[in-house]
>>> print(open('data.cif').read())   # mmCIF, C-alpha atoms and all ligand atoms
data_coords
#
loop_
_atom_site.label_atom_id
_atom_site.label_comp_id
_atom_site.auth_asym_id
_atom_site.auth_seq_id
_atom_site.Cartn_x
_atom_site.Cartn_y
_atom_site.Cartn_z
CA MET A 192 -55.52 -70.43 201.76
CA ASP A 193 -52.30 -71.82 200.37
CA HIS A 194 -51.29 -73.75 197.29
CA PHE A 195 -50.16 -76.97 198.97
CA THR A 196 -52.89 -79.45 198.14
CA TYR A 197 -53.35 -83.15 197.39
CA ARG A 198 -53.91 -83.97 193.75
CA ASN A 199 -54.14 -87.49 192.44
CA GLY A 200 -53.27 -88.70 195.92
CA GLU A 201 -50.04 -86.72 196.18
CA LEU A 202 -49.19 -83.46 197.93
CA HIS A 203 -48.36 -80.75 195.40
CA ALA A 204 -46.90 -77.27 195.64
CA GLU A 205 -49.02 -75.51 193.03
CA ASP A 206 -48.70 -77.85 190.01
CA VAL A 207 -45.50 -79.57 191.12
CA PRO A 208 -45.64 -82.92 192.96
CA LEU A 209 -43.47 -82.58 196.04
CA THR A 210 -42.08 -86.09 195.54
CA CYS A 211 -40.47 -84.72 192.41
CA ILE A 212 -38.64 -82.00 194.37
CA ALA A 213 -37.61 -84.52 197.03
CA SER A 214 -36.03 -86.81 194.44
CA GLN A 215 -34.32 -84.05 192.46
CA VAL A 216 -33.10 -81.79 195.28
CA GLY A 217 -32.99 -84.25 198.17
CA THR A 218 -34.29 -83.74 201.68
CA PRO A 219 -34.61 -81.92 203.98
CA VAL A 220 -35.64 -78.96 201.82
CA TYR A 221 -37.87 -75.92 202.22
CA VAL A 222 -40.39 -75.39 199.42
CA TYR A 223 -42.20 -72.09 198.88
CA SER A 224 -45.16 -71.31 196.65
CA ALA A 225 -44.95 -68.10 194.62
CA ALA A 226 -48.73 -68.01 194.11
CA THR A 227 -49.29 -68.15 197.86
CA LEU A 228 -46.77 -65.38 198.52
CA THR A 229 -48.41 -63.23 195.88
CA ARG A 230 -51.87 -63.91 197.24
CA HIS A 231 -50.94 -63.14 200.85
CA PHE A 232 -49.14 -59.93 199.93
CA GLY A 233 -52.21 -58.87 197.94
CA LEU A 234 -54.45 -59.43 200.96
CA PHE A 235 -52.53 -56.83 202.97
CA ARG A 236 -52.64 -54.36 200.13
CA GLN A 237 -56.33 -54.86 199.83
CA ALA A 238 -56.74 -54.45 203.60
CA LEU A 239 -55.21 -50.97 203.35
CA ASP A 240 -56.55 -49.91 199.98
CA TRP A 241 -58.60 -47.18 201.67
CA THR A 242 -55.45 -45.17 202.30
CA ASP A 243 -51.95 -44.32 201.16
CA HIS A 244 -49.79 -47.15 202.48
CA LEU A 245 -46.68 -49.29 202.13
CA VAL A 246 -46.56 -52.97 203.10
CA CYS A 247 -42.98 -53.52 204.31
CA PHE A 248 -42.26 -57.25 204.38
CA ALA A 249 -40.41 -58.25 207.57
CA VAL A 250 -37.24 -59.66 206.03
CA LYS A 251 -36.34 -61.52 209.23
CA SER A 252 -39.17 -63.98 208.58
CA ASN A 253 -37.71 -65.16 205.28
CA SER A 254 -34.74 -63.44 203.72
CA ASN A 255 -34.10 -65.55 200.65
CA LEU A 256 -33.25 -63.21 197.76
CA ALA A 257 -35.79 -64.85 195.45
CA VAL A 258 -38.59 -64.35 197.97
CA LEU A 259 -37.57 -60.71 198.47
CA LYS A 260 -37.36 -60.16 194.70
CA LEU A 261 -40.81 -61.64 194.15
CA LEU A 262 -42.36 -59.43 196.83
CA GLY A 263 -40.31 -56.38 195.86
CA ASP A 264 -41.47 -56.69 192.26
CA LEU A 265 -45.05 -56.70 193.50
CA GLY A 266 -44.33 -53.32 195.11
CA ALA A 267 -43.53 -54.41 198.64
CA GLY A 268 -41.32 -52.34 200.88
CA MET A 269 -39.00 -54.10 203.34
CA ASP A 270 -38.52 -53.93 207.08
CA VAL A 271 -34.89 -54.76 207.87
CA VAL A 272 -33.11 -55.14 211.20
CA SER A 273 -29.45 -55.53 210.24
CA GLY A 274 -26.89 -54.53 207.67
CA GLY A 275 -27.20 -58.02 206.23
CA GLU A 276 -30.94 -57.68 205.75
CA TYR A 277 -30.47 -54.23 204.24
CA ALA A 278 -27.95 -55.70 201.80
CA ARG A 279 -30.38 -58.50 200.91
CA ALA A 280 -33.26 -56.10 200.28
CA ARG A 281 -31.07 -53.96 198.02
CA ALA A 282 -29.65 -57.00 196.22
CA ALA A 283 -33.22 -58.09 195.53
CA GLY A 284 -33.77 -54.78 193.76
CA VAL A 285 -35.79 -52.96 196.43
CA PRO A 286 -34.97 -49.24 196.39
CA GLY A 287 -33.83 -47.57 199.62
CA ASP A 288 -36.91 -45.38 199.74
CA ARG A 289 -39.01 -48.49 200.32
CA ILE A 290 -36.86 -49.81 203.19
CA VAL A 291 -37.47 -49.11 206.87
CA PHE A 292 -34.76 -50.04 209.37
CA SER A 293 -35.88 -51.37 212.78
CA GLY A 294 -34.03 -53.01 215.67
CA VAL A 295 -32.70 -52.06 219.11
CA GLY A 296 -29.00 -52.30 218.38
CA LYS A 297 -28.16 -50.72 215.06
CA THR A 298 -24.43 -50.18 214.83
CA ILE A 299 -22.70 -47.16 213.30
CA PRO A 300 -21.54 -49.14 210.21
CA GLU A 301 -25.10 -50.41 209.70
CA MET A 302 -26.55 -46.93 209.97
CA ARG A 303 -23.88 -45.56 207.65
CA MET A 304 -24.70 -48.26 205.12
CA ALA A 305 -28.36 -47.27 205.17
CA ILE A 306 -27.66 -43.55 204.87
CA GLU A 307 -25.25 -44.08 201.98
CA GLY A 308 -27.48 -46.57 200.20
CA GLY A 309 -30.72 -44.71 200.80
CA ILE A 310 -33.36 -45.33 203.43
CA ARG A 311 -37.02 -44.48 203.74
CA GLN A 312 -36.92 -44.21 207.51
CA MET A 313 -34.93 -45.29 210.52
CA ASN A 314 -37.09 -46.56 213.37
CA LEU A 315 -35.31 -45.36 216.49
CA GLU A 316 -35.55 -47.49 219.59
CA SER A 317 -33.66 -45.51 222.25
CA GLU A 318 -32.19 -42.13 223.05
CA PRO A 319 -28.56 -43.29 222.79
CA GLU A 320 -29.33 -44.61 219.33
CA MET A 321 -31.01 -41.34 218.42
CA HIS A 322 -27.92 -39.37 219.43
CA ALA A 323 -25.63 -41.76 217.57
CA LEU A 324 -27.67 -41.48 214.37
CA SER A 325 -27.89 -37.70 214.66
CA ALA A 326 -24.13 -37.35 215.04
CA LEU A 327 -23.45 -39.74 212.19
CA ALA A 328 -25.96 -38.18 209.78
CA HIS A 329 -24.74 -34.69 210.66
CA SER A 330 -21.12 -35.69 210.02
CA MET A 331 -22.16 -37.08 206.64
CA GLY A 332 -24.13 -33.95 205.75
CA ALA A 333 -27.32 -36.01 205.58
CA THR A 334 -30.79 -35.60 207.02
CA VAL A 335 -32.43 -38.91 207.85
CA PRO A 336 -36.19 -39.42 208.13
CA VAL A 337 -36.94 -41.04 211.49
CA ALA A 338 -39.82 -42.54 213.39
CA ILE A 339 -39.52 -43.31 217.08
CA ARG A 340 -40.65 -46.71 218.20
CA VAL A 341 -42.84 -46.39 221.23
CA ASN A 342 -43.52 -49.16 223.69
CA PRO A 343 -47.25 -48.91 224.43
CA ASP A 344 -47.19 -51.34 227.39
CA VAL A 345 -49.83 -53.55 225.82
CA ASP A 346 -49.99 -57.30 226.37
CA ALA A 347 -49.96 -58.95 222.94
CA LYS A 348 -51.20 -62.23 224.46
CA THR A 349 -48.74 -64.34 222.55
CA HIS A 350 -45.74 -66.52 223.42
CA GLU A 351 -43.54 -64.63 225.90
CA LYS A 352 -40.46 -64.96 223.69
CA ILE A 353 -42.14 -63.06 220.86
CA ALA A 354 -44.08 -60.41 222.80
CA THR A 355 -42.46 -57.00 222.41
CA GLY A 356 -44.96 -54.36 223.55
CA LYS A 357 -44.80 -54.63 227.34
CA SER A 358 -42.74 -52.21 229.41
CA GLU A 359 -40.53 -55.10 230.58
CA ASN A 360 -39.47 -55.78 226.96
CA LYS A 361 -36.33 -54.19 225.53
CA PHE A 362 -38.12 -52.58 222.58
CA GLY A 363 -38.91 -48.91 221.95
CA ILE A 364 -39.13 -46.04 224.39
CA PRO A 365 -41.90 -45.94 227.00
CA ILE A 366 -44.88 -44.16 225.47
CA SER A 367 -45.14 -42.10 228.66
CA ARG A 368 -41.82 -40.45 227.76
CA ALA A 369 -42.52 -40.02 224.08
CA MET A 370 -43.29 -36.29 224.17
CA GLU A 371 -39.93 -35.37 225.66
CA VAL A 372 -37.99 -37.71 223.37
CA TYR A 373 -39.72 -36.31 220.27
CA ALA A 374 -38.94 -32.76 221.47
CA GLU A 375 -35.29 -33.75 221.78
CA ALA A 376 -35.28 -35.46 218.38
CA ALA A 377 -36.75 -32.40 216.70
CA ALA A 378 -33.89 -30.29 218.02
CA LEU A 379 -31.11 -32.63 216.88
CA PRO A 380 -29.21 -32.09 213.64
CA GLY A 381 -29.30 -34.74 210.92
CA LEU A 382 -32.75 -36.06 211.83
CA ARG A 383 -36.16 -35.29 210.37
CA VAL A 384 -38.98 -36.63 212.50
CA VAL A 385 -41.66 -38.02 210.20
CA GLY A 386 -43.58 -40.63 212.12
CA VAL A 387 -44.43 -42.92 215.00
CA ASP A 388 -43.51 -46.61 215.05
CA VAL A 389 -44.94 -49.46 217.10
CA HIS A 390 -44.71 -53.27 217.04
CA ILE A 391 -46.17 -55.24 219.92
CA GLY A 392 -45.34 -58.85 219.07
CA SER A 393 -45.69 -61.73 216.71
CA GLN A 394 -48.29 -64.48 216.11
CA LEU A 395 -51.12 -62.40 217.57
CA THR A 396 -54.40 -64.24 217.22
CA ASP A 397 -56.62 -61.55 218.66
CA LEU A 398 -57.15 -58.03 217.33
CA ALA A 399 -57.77 -56.44 220.74
CA PRO A 400 -54.07 -55.82 221.57
CA PHE A 401 -53.56 -54.19 218.15
CA ARG A 402 -56.57 -51.98 218.78
CA ALA A 403 -55.30 -50.98 222.23
CA ALA A 404 -51.81 -50.17 220.92
CA TYR A 405 -53.03 -48.25 217.87
CA LEU A 406 -55.43 -46.16 219.98
CA LYS A 407 -52.46 -45.15 222.09
CA VAL A 408 -50.50 -44.30 218.94
CA ALA A 409 -53.41 -42.17 217.69
CA GLU A 410 -53.56 -40.29 220.95
CA LEU A 411 -49.81 -39.72 220.88
CA THR A 412 -49.92 -38.55 217.26
CA ARG A 413 -52.53 -35.92 218.12
CA ALA A 414 -50.45 -34.71 221.06
CA LEU A 415 -47.29 -34.59 218.93
CA ARG A 416 -49.04 -32.60 216.23
CA ALA A 417 -50.40 -30.20 218.82
CA ALA A 418 -46.82 -29.72 219.98
CA GLY A 419 -45.80 -28.80 216.44
CA HIS A 420 -44.36 -32.08 215.09
CA ASP A 421 -45.13 -32.93 211.50
CA ILE A 422 -46.23 -36.55 211.86
CA SER A 423 -47.11 -37.87 208.41
CA ARG A 424 -46.41 -41.60 208.74
CA LEU A 425 -47.41 -44.34 211.14
CA ASP A 426 -45.46 -47.60 211.10
CA LEU A 427 -47.77 -50.07 212.84
CA GLY A 428 -45.42 -53.07 212.82
CA GLY A 429 -46.24 -56.67 212.00
CA GLY A 430 -47.53 -59.51 214.09
CA LEU A 431 -50.80 -60.78 212.66
CA GLY A 432 -50.89 -64.51 213.39
CA ILE A 433 -51.51 -67.43 211.08
CA PRO A 434 -53.34 -70.74 211.54
CA TYR A 435 -50.77 -73.41 212.43
CA ARG A 436 -53.36 -76.14 212.77
CA ARG A 437 -55.87 -77.02 210.13
CA ASP A 438 -58.47 -77.86 212.72
CA ASN A 439 -58.63 -74.83 214.99
CA SER A 440 -60.30 -71.51 214.50
CA ALA A 441 -58.23 -69.27 212.27
CA PRO A 442 -56.83 -65.94 213.50
CA PRO A 443 -58.39 -62.76 212.12
CA LEU A 444 -57.84 -62.03 208.45
CA PRO A 445 -55.76 -59.16 207.05
CA ILE A 446 -58.96 -57.42 205.96
CA GLU A 447 -60.22 -57.40 209.57
CA TYR A 448 -56.81 -56.18 210.74
CA GLY A 449 -57.00 -53.39 208.15
CA GLN A 450 -60.37 -52.43 209.56
CA VAL A 451 -58.87 -52.06 213.05
CA ILE A 452 -56.21 -49.78 211.58
CA ARG A 453 -58.87 -47.72 209.87
CA GLU A 454 -60.96 -47.43 213.02
CA THR A 455 -58.06 -46.48 215.28
CA VAL A 456 -55.77 -44.26 213.20
CA GLY A 457 -57.63 -43.84 209.91
CA ASP A 458 -58.82 -40.31 210.63
CA LEU A 459 -55.29 -38.96 211.10
CA GLY A 460 -54.54 -38.82 207.38
CA CYS A 461 -51.12 -40.41 207.87
CA GLN A 462 -49.46 -42.72 205.41
CA ILE A 463 -49.69 -46.20 206.91
CA GLU A 464 -46.76 -48.62 206.95
CA ILE A 465 -47.11 -52.17 208.21
CA GLU A 466 -44.44 -54.85 208.62
CA PRO A 467 -46.04 -58.29 208.23
CA GLY A 468 -43.70 -61.25 207.91
CA ARG A 469 -45.24 -64.49 209.10
CA ASN A 470 -48.65 -63.79 207.60
CA ILE A 471 -47.21 -63.39 204.12
CA VAL A 472 -44.70 -66.23 204.06
CA GLY A 473 -45.61 -68.65 206.90
CA ASN A 474 -48.19 -70.68 205.07
CA ALA A 475 -46.41 -70.15 201.75
CA GLY A 476 -43.75 -72.67 202.77
CA ILE A 477 -43.33 -76.24 203.91
CA LEU A 478 -40.34 -78.27 205.02
CA LEU A 479 -40.01 -81.55 203.19
CA SER A 480 -38.38 -84.45 204.99
CA ARG A 481 -37.77 -88.16 204.55
CA VAL A 482 -38.21 -90.89 207.13
CA ILE A 483 -34.89 -92.52 207.98
CA TYR A 484 -36.07 -95.12 210.50
CA VAL A 485 -39.18 -96.16 212.31
CA LYS A 486 -38.03 -97.14 215.77
CA LYS A 487 -40.09 -99.06 218.27
CA GLY A 488 -39.74 -97.56 221.73
CA GLU A 489 -41.02 -99.08 224.92
CA ASP A 490 -44.34 -97.30 224.84
CA ARG A 491 -44.28 -95.40 221.55
CA ASP A 492 -43.01 -95.42 218.01
CA PHE A 493 -40.44 -92.87 216.90
CA LEU A 494 -40.44 -91.57 213.39
CA ILE A 495 -36.83 -90.51 212.84
CA VAL A 496 -36.79 -88.06 209.95
CA ASP A 497 -33.91 -86.35 208.15
CA ALA A 498 -34.99 -82.84 209.18
CA ALA A 499 -33.89 -81.72 212.61
CA MET A 500 -34.04 -78.83 215.05
CA ASN A 501 -31.18 -77.15 213.20
CA ASP A 502 -33.42 -76.97 210.09
CA LEU A 503 -36.66 -75.96 211.83
CA LEU A 504 -36.00 -74.58 215.30
CA ARG A 505 -39.48 -73.39 216.25
CA PRO A 506 -40.73 -76.56 217.97
CA ALA A 507 -37.56 -76.84 220.11
CA MET A 508 -37.37 -73.12 220.82
CA TYR A 509 -40.99 -72.16 221.43
CA GLY A 510 -42.75 -75.51 221.73
CA ALA A 511 -44.35 -74.51 218.41
CA HIS A 512 -46.67 -76.83 216.54
CA HIS A 513 -46.31 -77.56 212.83
CA ASP A 514 -48.79 -79.92 211.23
CA ILE A 515 -46.98 -82.95 209.80
CA VAL A 516 -48.62 -84.59 206.80
CA PRO A 517 -47.65 -87.50 204.54
CA LEU A 518 -46.81 -86.71 200.92
CA ILE A 519 -48.83 -89.65 199.75
CA GLN A 520 -52.44 -89.13 200.69
CA PRO A 521 -53.75 -92.03 202.77
CA PRO A 522 -56.92 -93.62 201.45
CA LEU A 523 -60.09 -92.30 203.06
CA GLY A 524 -60.67 -94.00 206.42
CA ALA A 525 -57.12 -95.41 206.53
CA GLU A 526 -55.92 -96.20 210.02
CA GLN A 527 -53.79 -93.52 211.69
CA GLN A 528 -50.97 -94.24 214.07
CA GLY A 529 -49.30 -92.15 216.79
CA TYR A 530 -45.62 -91.30 216.25
CA ASP A 531 -43.15 -89.12 218.08
CA VAL A 532 -41.58 -87.33 215.14
CA VAL A 533 -37.92 -86.61 215.90
CA GLY A 534 -34.78 -85.52 214.09
CA PRO A 535 -31.27 -87.01 214.17
CA VAL A 536 -29.70 -84.27 216.36
CA CYS A 537 -28.32 -85.45 219.67
CA GLU A 538 -30.75 -83.66 221.97
CA SER A 539 -34.09 -84.75 223.32
CA GLY A 540 -35.32 -81.28 222.37
CA ASP A 541 -34.98 -82.36 218.74
CA THR A 542 -38.62 -83.44 218.78
CA PHE A 543 -41.06 -81.97 216.28
CA GLN A 544 -44.21 -83.48 217.65
CA LYS A 545 -45.20 -86.11 220.18
CA GLY A 546 -47.95 -88.51 219.22
CA ALA A 547 -48.38 -87.11 215.71
CA SER A 548 -51.23 -88.83 213.95
CA LEU A 549 -50.04 -90.27 210.64
CA PRO A 550 -50.75 -93.30 208.47
CA ALA A 551 -48.29 -96.17 208.93
CA MET A 552 -44.92 -94.87 207.71
CA ALA A 553 -41.89 -96.76 206.48
CA PRO A 554 -38.25 -95.76 205.92
CA GLY A 555 -37.97 -93.68 202.76
CA GLY A 556 -41.47 -92.25 203.23
CA LEU A 557 -41.91 -88.51 202.86
CA VAL A 558 -43.58 -85.99 205.12
CA ALA A 559 -44.15 -82.25 205.00
CA PHE A 560 -44.05 -79.85 207.94
CA ARG A 561 -46.63 -77.23 207.15
CA SER A 562 -46.59 -73.50 207.88
CA ALA A 563 -42.80 -73.48 207.81
CA GLY A 564 -42.17 -70.57 205.42
CA ALA A 565 -41.64 -68.00 208.17
CA TYR A 566 -38.87 -68.23 210.77
CA GLY A 567 -37.90 -71.59 209.29
CA ALA A 568 -34.91 -71.41 206.94
CA VAL A 569 -33.81 -68.08 208.44
CA MET A 570 -33.36 -69.67 211.85
CA ALA A 571 -31.59 -72.75 210.53
CA SER A 572 -28.03 -73.54 211.56
CA GLU A 573 -25.40 -76.16 210.85
CA TYR A 574 -25.59 -77.64 214.36
CA ASN A 575 -24.24 -81.19 214.38
CA SER A 576 -22.42 -80.16 211.16
CA ARG A 577 -25.53 -80.71 209.13
CA PRO A 578 -25.21 -78.62 205.95
CA LEU A 579 -27.56 -75.63 205.83
CA VAL A 580 -30.99 -76.67 204.58
CA PRO A 581 -31.70 -75.71 200.93
CA GLU A 582 -34.70 -73.80 199.59
CA VAL A 583 -36.85 -74.19 196.49
CA LEU A 584 -39.39 -71.84 194.93
CA VAL A 585 -42.32 -73.19 192.94
CA GLN A 586 -44.28 -71.19 190.42
CA GLY A 587 -47.02 -72.98 188.52
CA ASP A 588 -45.56 -76.16 187.03
CA HIS A 589 -41.88 -75.32 187.49
CA PHE A 590 -39.49 -74.90 190.35
CA ALA A 591 -36.01 -73.57 191.03
CA VAL A 592 -33.47 -74.14 193.76
CA ILE A 593 -33.12 -70.71 195.36
CA ARG A 594 -30.53 -71.78 197.90
CA ALA A 595 -28.44 -74.83 197.17
CA ARG A 596 -27.46 -77.37 199.79
CA PRO A 597 -23.78 -76.79 200.59
CA THR A 598 -21.44 -79.69 199.99
CA TYR A 599 -19.32 -80.92 202.88
CA ASP A 600 -16.32 -79.27 201.23
CA GLU A 601 -18.12 -75.92 201.09
CA MET A 602 -19.15 -76.27 204.71
CA LEU A 603 -15.66 -77.18 205.85
CA GLY A 604 -14.09 -74.60 203.56
CA ARG A 605 -15.31 -71.74 205.72
CA ASP A 606 -13.06 -72.83 208.57
CA SER A 607 -9.32 -72.41 208.51
CA ILE A 608 -6.60 -73.99 210.58
CA PRO A 609 -3.91 -71.49 211.62
CA ALA A 610 -0.37 -72.25 210.47
CA TRP A 611 0.83 -72.54 214.07
CA LEU A 612 -1.31 -75.59 214.76
N1 LIG A 701 -41.58 -55.76 212.75
C1 LIG A 701 -40.77 -55.90 213.81
C2 LIG A 701 -40.13 -54.73 214.38
C3 LIG A 701 -40.55 -57.18 214.36
O1 LIG A 701 -39.74 -57.31 215.41
C4 LIG A 701 -41.18 -58.31 213.77
C5 LIG A 701 -40.94 -59.66 214.29
C6 LIG A 701 -42.00 -58.10 212.65
C7 LIG A 701 -42.19 -56.81 212.17
C8 LIG A 701 -42.69 -59.22 211.93
O2 LIG A 701 -43.61 -59.88 212.73
P1 LIG A 701 -44.56 -61.00 212.07
O3 LIG A 701 -45.53 -60.28 211.16
O4 LIG A 701 -43.70 -61.93 211.33
O5 LIG A 701 -45.22 -61.62 213.23
N2 LIG A 701 -38.87 -66.31 215.54
C9 LIG A 701 -40.20 -66.12 216.07
C10 LIG A 701 -40.82 -64.82 215.64
C11 LIG A 701 -40.01 -63.60 215.99
C12 LIG A 701 -40.63 -62.32 215.55
C13 LIG A 701 -39.72 -61.17 215.77
N3 LIG A 701 -40.19 -59.90 215.29
C14 LIG A 701 -41.06 -67.33 215.68
O6 LIG A 701 -40.56 -68.23 215.03
O7 LIG A 701 -42.23 -67.38 216.05
#
>>> encode(input="data.cif", output="structure tokens")
Amino acid sequence: MDHFTYRNGELHAEDVPLTCIASQVGTPVYVYSAATLTRHFGLFRQALDWTDHLVCFAVKSNSNLAVLKLLGDLGAGMDVVSGGEYARARAAGVPGDRIVFSGVGKTIPEMRMAIEGGIRQMNLESEPEMHALSALAHSMGATVPVAIRVNPDVDAKTHEKIATGKSENKFGIPISRAMEVYAEAAALPGLRVVGVDVHIGSQLTDLAPFRAAYLKVAELTRALRAAGHDISRLDLGGGLGIPYRRDNSAPPLPIEYGQVIRETVGDLGCQIEIEPGRNIVGNAGILLSRVIYVKKGEDRDFLIVDAAMNDLLRPAMYGAHHDIVPLIQPPLGAEQQGYDVVGPVCESGDTFQKGASLPAMAPGGLVAFRSAGAYGAVMASEYNSRPLVPEVLVQGDHFAVIRARPTYDEMLGRDSIPAWL
């Protein structure tokens, strides 16, 4: 459930009519609902309330400081994958001991930043990285808590670009080699092995792959303990999918996901960390856009809107579907029309949806792309020199711009022309 609903014939974010945001901030613009974020975060907490746990929000899904602050204040930890994300989490007031650092290519400066600033745990993804961290921590006189990300070779049954748990993927070390890598880690200076980490993919709509992966993690944890390792934490990653269409059957709920965790690893007495991103913020955000032209094609009508693939990349990149709805609710039984909804960028791939069913639209009309809170603004670019899309946060009956739209001068001001030109 989210807080984007029609009231008095107009789509609202909580108590704010979205037309109001469109006229005051302009379009395109991302709009997030604080109540929805709070609710979704609470669902994960509730799903794990049977055990000691930390819900580490996957910052990559939405890294706006206001979103991180809101979640951090609710007690969320953060899962970061770069120095930039670490800096954002800290700037949002999240203490280092609630931040886990994932990612296959952490650089020395990034690792140093985390050690100096404080880190709950580094999730190691390879032996070379393990040696690099050990040497760095040792040279700094530090001991860093680490978990090793294992690749369980489980098919997450999701889009191939966002599956991460098969042996052909670049992530983690093969679970078959875990015992020897843990033995090596335990002997290295500067590292303190505390846990096992796994993440098999994103937008999973079935619990079976989670169950399969977590059973393998449980088996490994028992073997590691038998070999003398003190495994007290399990980081089970993120990945629980969200409904992108109103009409299809919804993926499992966080509470059901929590049950799978309990059934597979619950008896180990470990502290449980999870890293949900999309499930917390995906349906807590929409992208608001205005129709520029309605263009009659030979065999179809194009709705040319002012949002484009640079603002919301998912349809172009993954063929992803985002429901597109009008801001003004059509009267019951009103005739729908088929439109190819496209942006102004000069690529045919800049198509959001073909044959989208909408009431008759006219230039100036407003639409919302639903389920756009995760991997939306964070993947935006300035392609075609379109200023980076702004973001707004709504809470109750008020809203704030949490990232302003850059002016052309600001956009151009980042470039410089060398004196010799
Ligand atoms: N933890 C790790 C280590 C991850 O790599 C990811 C996502 C997550 C947690 C969070 O997964 P979530 O709960 O959000 O599914 N840009 C793609 C999604 C990429 C996901 C990458 N890793 C998209 O727009 O679908």
>>> closest_residue(input="data.cif", among="A:Ala282, A:Cys461, A:Ala267, A:Val295", to="ligand LIG 701 (chain A)", atoms="all atoms listed in the file")
A:Val295
>>> closest_atom_pairs(input="data.cif", of="chain A", to="ligand LIG 701 (chain A)", cutoff="7 Å", atoms="only C-alpha atoms and all ligand atoms", output="JSON lines")
{"residue": "A:Ala249", "atom": "CA", "partner": "A:LIG701", "partner_atom": "C8", "distance": 5.0}
{"residue": "A:Ser252", "atom": "CA", "partner": "A:LIG701", "partner_atom": "O4", "distance": 5.7}
{"residue": "A:Asp270", "atom": "CA", "partner": "A:LIG701", "partner_atom": "N1", "distance": 6.7}
{"residue": "A:Ser293", "atom": "CA", "partner": "A:LIG701", "partner_atom": "C2", "distance": 5.6}
{"residue": "A:Gly294", "atom": "CA", "partner": "A:LIG701", "partner_atom": "C2", "distance": 6.5}
{"residue": "A:Ile353", "atom": "CA", "partner": "A:LIG701", "partner_atom": "C11", "distance": 5.3}
{"residue": "A:His390", "atom": "CA", "partner": "A:LIG701", "partner_atom": "C2", "distance": 5.5}
{"residue": "A:Gly392", "atom": "CA", "partner": "A:LIG701", "partner_atom": "O5", "distance": 6.5}
{"residue": "A:Ser393", "atom": "CA", "partner": "A:LIG701", "partner_atom": "O5", "distance": 3.5}
{"residue": "A:Gln394", "atom": "CA", "partner": "A:LIG701", "partner_atom": "O5", "distance": 5.1}
{"residue": "A:Gly428", "atom": "CA", "partner": "A:LIG701", "partner_atom": "N1", "distance": 4.7}
{"residue": "A:Gly429", "atom": "CA", "partner": "A:LIG701", "partner_atom": "O3", "distance": 3.8}
{"residue": "A:Gly430", "atom": "CA", "partner": "A:LIG701", "partner_atom": "O5", "distance": 3.2}
{"residue": "A:Leu431", "atom": "CA", "partner": "A:LIG701", "partner_atom": "O3", "distance": 5.5}
{"residue": "A:Gly432", "atom": "CA", "partner": "A:LIG701", "partner_atom": "O5", "distance": 6.4}
{"residue": "A:Glu466", "atom": "CA", "partner": "A:LIG701", "partner_atom": "C7", "distance": 4.6}
{"residue": "A:Pro467", "atom": "CA", "partner": "A:LIG701", "partner_atom": "O3", "distance": 3.6}
{"residue": "A:Gly468", "atom": "CA", "partner": "A:LIG701", "partner_atom": "O4", "distance": 3.5}
{"residue": "A:Arg469", "atom": "CA", "partner": "A:LIG701", "partner_atom": "O4", "distance": 3.7}
{"residue": "A:Asn470", "atom": "CA", "partner": "A:LIG701", "partner_atom": "O3", "distance": 5.9}
{"residue": "A:Arg505", "atom": "CA", "partner": "A:LIG701", "partner_atom": "O6", "distance": 5.4}
{"residue": "A:Ala565", "atom": "CA", "partner": "A:LIG701", "partner_atom": "O6", "distance": 6.9}
{"residue": "A:Tyr566", "atom": "CA", "partner": "A:LIG701", "partner_atom": "O6", "distance": 4.6}
>>> atom_distance(input="data.cif", atom1="CA of Gly567 in chain A", atom2="CA of Phe543 in chain A")
12.9 Å
>>> closest_residue(input="data.cif", among="A:Gly457, A:Pro550, A:Pro522, A:Gly287", to="Gly308 in chain A", atoms="only C-alpha atoms")
A:Gly287
>>> closest_residue(input="data.cif", among="A:Lys407, A:Lys357, A:Arg481, A:Arg402", to="Ser214 in chain A", atoms="all atoms listed in the file")
A:Arg481
>>> residues_around(input="data.cif", residues="Val389 in chain A", least_positions_apart="3", cutoff="8 Å", atoms="all atoms listed in the file", output="list of chain:residue names")
A:Arg340, A:Val341, A:Asn342, A:Pro343, A:Gly363, A:Ala404, A:Val408, A:Asp426, A:Leu427, A:Gly428
>>> residues_around(input="data.cif", residues="range 193-205 of chain A", least_positions_apart="6", cutoff="6 Å", atoms="all atoms listed in the file", output="list in words")
Thr227, Leu518, Ile519, Gln520 and Gly587 of chain A
>>> atom_distance(input="data.cif", atom1="CA of Asp514 in chain A", atom2="CA of Leu444 in chain A")
20.2 Å
>>> closest_residue(input="data.cif", among="A:Val580, A:Ala595, A:Ala377, A:Ala403", to="Leu478 in chain A", atoms="only C-alpha atoms")
A:Val580
>>> residues_near_point(input="data.cif", point="(-41.5, -35.4, 220.0)", cutoff="10 Å", atoms="all atoms listed in the file", output="PyMOL selection string")
chain A and resi 338-339+368-378+384+386-387+411-412+414-416+418-422
>>> residues_around(input="data.cif", residues="Val485 in chain A", least_positions_apart="6", cutoff="7 Å", atoms="only C-alpha atoms", output="ChimeraX atom specification")
/A:492-495,553-554
>>> write_last_selection(input="data.cif", atoms="C-alpha atoms", output="PDB file, in the coordinates of the input")
ATOM      1  CA  ASP A 492     -43.010 -95.420 218.010  1.00  0.00           C
ATOM      2  CA  PHE A 493     -40.440 -92.870 216.900  1.00  0.00           C
ATOM      3  CA  LEU A 494     -40.440 -91.570 213.390  1.00  0.00           C
ATOM      4  CA  ILE A 495     -36.830 -90.510 212.840  1.00  0.00           C
ATOM      5  CA  ALA A 553     -41.890 -96.760 206.480  1.00  0.00           C
ATOM      6  CA  PRO A 554     -38.250 -95.760 205.920  1.00  0.00           C
TER       7      PRO A 554
END
